[in-house]
Amino acid sequence: MCRTMAILAMVCALASQARAENSPEADAKATPLGVHQVLTGGFWSDGKVDGRYRIVIIAGGFEHVSHRMFIQWIAIDPDEQEYKLVRTVAVTEVSDLSGVTSDLKPSFNPNGPLRFTFTLHGRDGKIRKRSVTATTDGKYSIR
C-alpha cells in the first residue's frame, strides 16, 4: 500500500511539473531577455495554410544599445491545435541603422498585407520614419 501511494505521489508530482512547464507563466519566463517588443495580429493565407503576422524587436548591447526588427509568419495548425513558425525575416534596413525604434504602429488588416510604421531614433541624432508592408509570400518592402 505504501509503495502504491509513493508511486501515485510521484506520478502526480511529475504531472504537476509537466503542466507547470507548459503554462503561460513558464512561456513568459522562457522569453529571451533581449526581446524588447512583440506585436501579433492580422491574417495571411497562401491557399493551403492560414496564419498571423508577428513583429519582434530584439535589443542588444549595453553602452550602445541596438535594436533588430524581424517579421514572422506564424501558421495556425488546426489539426495539432497549435501555432507553428513558418518563417522569420530580418528587416535589415532597421538593423543597419543601429538605432532605437519607437512608436511602432501596426495596421493588422484582417484580409490583407501587414502594414506598419515606426520611428527610428538613430545614434546620429536623426529621427527617421519608415513604413513597412509584408506580404503572404514572406517578403516585405520598406519606404
# chains A, B, ... in the order shown; residues from 1 in each chain; ligands from 1
call {"tool": "residues_around", "arguments": {"residues": "A:Asp103", "least_positions_apart": "3", "cutoff": "12 Å", "atoms": "only C-alpha atoms", "output": "number ranges by chain"}}
result
A: 37, 100, 106, 116-121, 127-131
call {"tool": "atom_distance", "arguments": {"atom1": "atom CA of A:Ile142", "atom2": "atom CA of A:Glu93"}}
result
8.0 Å
call {"tool": "closest_residue", "arguments": {"among": "A:Ile58, A:Val65, A:Ile71, A:Val35", "to": "A:Leu85", "atoms": "only C-alpha atoms"}}
result
A:Ile71
call {"tool": "residues_around", "arguments": {"residues": "stretch 107-110 of chain A", "least_positions_apart": "4", "cutoff": "7 Å", "atoms": "only C-alpha atoms", "output": "PDB file with N, CA and C atoms, in the first residue's frame"}}
result
ATOM      1  N   GLY A  41      -0.723  39.991 -34.952  1.00  0.00           N
ATOM      2  CA  GLY A  41      -2.062  40.263 -35.448  1.00  0.00           C
ATOM      3  C   GLY A  41      -2.159  40.088 -36.944  1.00  0.00           C
ATOM      4  N   GLY A  42      -3.282  40.499 -37.476  1.00  0.00           N
ATOM      5  CA  GLY A  42      -3.508  40.376 -38.908  1.00  0.00           C
ATOM      6  C   GLY A  42      -3.797  38.946 -39.305  1.00  0.00           C
ATOM      7  N   PHE A  43      -3.857  38.746 -40.605  1.00  0.00           N
ATOM      8  CA  PHE A  43      -4.175  37.427 -41.136  1.00  0.00           C
ATOM      9  C   PHE A  43      -3.515  37.275 -42.490  1.00  0.00           C
ATOM     10  N   LEU A 114       0.331  42.919 -44.015  1.00  0.00           N
ATOM     11  CA  LEU A 114       0.695  43.616 -42.782  1.00  0.00           C
ATOM     12  C   LEU A 114       1.328  44.945 -43.168  1.00  0.00           C
ATOM     13  N   ARG A 115       0.879  46.015 -42.556  1.00  0.00           N
ATOM     14  CA  ARG A 115       1.487  47.328 -42.770  1.00  0.00           C
ATOM     15  C   ARG A 115       1.783  47.922 -41.405  1.00  0.00           C
ATOM     16  N   PHE A 116       2.973  48.492 -41.263  1.00  0.00           N
ATOM     17  CA  PHE A 116       3.257  49.196 -40.017  1.00  0.00           C
ATOM     18  C   PHE A 116       4.249  50.319 -40.249  1.00  0.00           C
TER      19      PHE A 116
END
call {"tool": "select_by_dssp", "arguments": {"residues": "stretch 9-121 of chain A", "states": "helix (DSSP H, G or I)", "output": "PyMOL selection string"}}
result
chain A and resi 9-21+24-30+92-97
call {"tool": "residues_around", "arguments": {"residues": "A:Pro113", "least_positions_apart": "6", "cutoff": "12 Å", "atoms": "only C-alpha atoms", "output": "MDAnalysis selection string"}}
result
chainID A and resid 41:46 51:53 73 106:107 132:141
call {"tool": "atom_distance", "arguments": {"atom1": "atom CA of A:His67", "atom2": "atom CA of A:Ala90"}}
result
11.2 Å
call {"tool": "atom_distance", "arguments": {"atom1": "atom CA of A:His36", "atom2": "atom CA of A:Asn111"}}
result
27.4 Å
